[in-house]
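Input: a single structure, listed below in structure tokens.
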Amino acid sequence: MAHLSLLTSSSSSLLFSFSLLFFFSLTCNVEARYWQHNNCNPISSIVTEKLYNSLFLHKDDAACPAKGFYNYSSFIQATKCFPQFGNTGDMTTRKREIAAFFAQISHETTGGWATAPDGPYAWGLCFKEEKPKPSCHDVMVGRYHPTAADIAANRTAGFGLVTNIINGGLECGIPDNAQSNDRIGYYKKYAQIFGVDVGSNLDCANQQHY
């Protein structure tokens, strides 16, 4: 049983790491170790285990196929490979990026529905799902520099651009898209809990997808 627990923890850490790759173009390397050594503000100072479990209230319900998979220790272990995540800029920027990350992975793994117990946004991390995509970190921390093609496609910085990077082919360029709205709902919920504003350009309805 202990071996199975370690295997599950290792697998979920790996899946979290792949998800974090959406936000970063770096790998777990010397740069990451440098940040860990010189940074005194770990992600756990913002996202405690109690908060994590309250955000993903039903992740371990019997109805969720990923029950027991996405534990807090796996999340923290994964962030050690990406120490800039939730650690770049002022506290507002840090919390906003974390809220955006949680919103996106919640939508990709949601088990919620409109009338679900505790609401549709209480069911993130219910399923195991992974879709490798480009980095979103620069978008959320203000380092995104659009190309001429991005400008022509109206791909402006904000949460909507993160959605475009993740699943733009199915969700962007479509007014009032239900999936995009679901992501925004998660983002607003988490941002409110962290006490930060959500910024501009929440949706990608007017953006061309990649």
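Going through the structure tokens in order, the chains are called A, B, and so on, while each chain numbers its residues from 1 and the ligands are numbered from 1 in the order shown.
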A:Ser200 surroundings by only C-alpha atoms, 9 Å radius, close-in-sequence under 5 positions cut, as a list of chain:residue names | A:Ala157, A:Gly158, A:Phe159, A:Gly160
What lies within 12 Å of A:Ala191 using only C-alpha atoms, ignoring chain neighbours under 6 positions off, as an NGL selection string?
-> :A and (55 or 92-103 or 159 or 184-185 or 197-199)
Go ahead and write the selection's residues with C-alpha atoms as a PDB file, in the first residue's frame.
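Saved as result07.pdb:
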ATOM      1  CA  LEU A  55     -10.271  24.957  -3.704  1.00  0.00           C
ATOM      2  CA  THR A  92      -0.848  40.532  -6.590  1.00  0.00           C
ATOM      3  CA  THR A  93       0.920  39.258  -9.714  1.00  0.00           C
ATOM      4  CA  ARG A  94       1.928  36.055  -7.954  1.00  0.00           C
ATOM      5  CA  LYS A  95      -1.591  35.307  -6.747  1.00  0.00           C
ATOM      6  CA  ARG A  96      -3.122  36.174 -10.105  1.00  0.00           C
ATOM      7  CA  GLU A  97      -0.850  33.700 -11.882  1.00  0.00           C
ATOM      8  CA  ILE A  98      -1.700  30.945  -9.406  1.00  0.00           C
ATOM      9  CA  ALA A  99      -5.413  31.666  -9.798  1.00  0.00           C
ATOM     10  CA  ALA A 100      -5.051  31.495 -13.585  1.00  0.00           C
ATOM     11  CA  PHE A 101      -3.173  28.187 -13.409  1.00  0.00           C
ATOM     12  CA  PHE A 102      -5.727  26.630 -11.071  1.00  0.00           C
ATOM     13  CA  ALA A 103      -8.568  27.864 -13.272  1.00  0.00           C
ATOM     14  CA  PHE A 159      -6.543  35.326 -19.170  1.00  0.00           C
ATOM     15  CA  ILE A 184     -13.391  32.438 -16.540  1.00  0.00           C
ATOM     16  CA  GLY A 185     -15.756  31.345 -13.792  1.00  0.00           C
ATOM     17  CA  ASP A 197      -8.422  41.421  -9.526  1.00  0.00           C
ATOM     18  CA  VAL A 198      -8.654  39.341 -12.678  1.00  0.00           C
ATOM     19  CA  GLY A 199      -7.238  41.942 -15.046  1.00  0.00           C
TER      20      GLY A 199
END
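The closest residue to A:Ala152, picked from A:Ile166, A:Gly86, A:Gln207, A:Phe194 and counting only C-alpha atoms, is A:Gln207.
Nearest residue to A:Ala116 among A:Ala63, A:Leu170, A:Cys136, A:Val162 is A:Ala63, counting only C-alpha atoms.
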Hey, can you check how far atom CA of A:Ala62 sits from atom CA of A:Cys126?
-> 9.8 Å
Just the residues within 8 Å of A:Tyr72, please, counting only C-alpha atoms, with nothing from its chain fewer than 6 positions along; format it as a PyMOL selection string.
-> chain A and resi 49+52-53
Among the residues of stretch 82-116 of chain A, find those DSSP assigns to helix (DSSP H, G or I) from the backbone and print them as a PyMOL selection string.
-> chain A and resi 91-108
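With distances restricted to only C-alpha atoms, A:Asp118 is the closest residue to A:Phe56 from A:Asp138, A:Asp150, A:Asp118, A:Asp90.
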Between A:Ala122, A:Leu202, A:Thr163, A:Asp176, smallest distance to A:Lys188 by only C-alpha atoms belongs to A:Leu202
Skip A:Asn177 itself and residues of its chain fewer than 5 positions away, then list as a VMD selection string all residues within 8 Å of it, counting only C-alpha atoms.
-> chain A and resid 171 to 172 205
Residue selection dump (C-alpha atoms) as a CSV table (one decimal), in the first residue's frame:
chain,number,residue,atom,x,y,z
A,171,GLU,CA,-12.9,28.0,-27.7
A,172,CYS,CA,-11.7,31.2,-29.3
A,205,ALA,CA,-14.0,35.7,-28.3
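Using only C-alpha atoms, the smallest distance between any of A:Thr48, A:Asn201, A:Asn206, A:Ser54 and A:Ser73 comes from A:Thr48.
Among A:Gly173, A:Asn167, A:Ser44, A:Gln208, the residue with the shortest atom-to-atom distance to A:Ile151, counting only C-alpha atoms, is A:Gln208.
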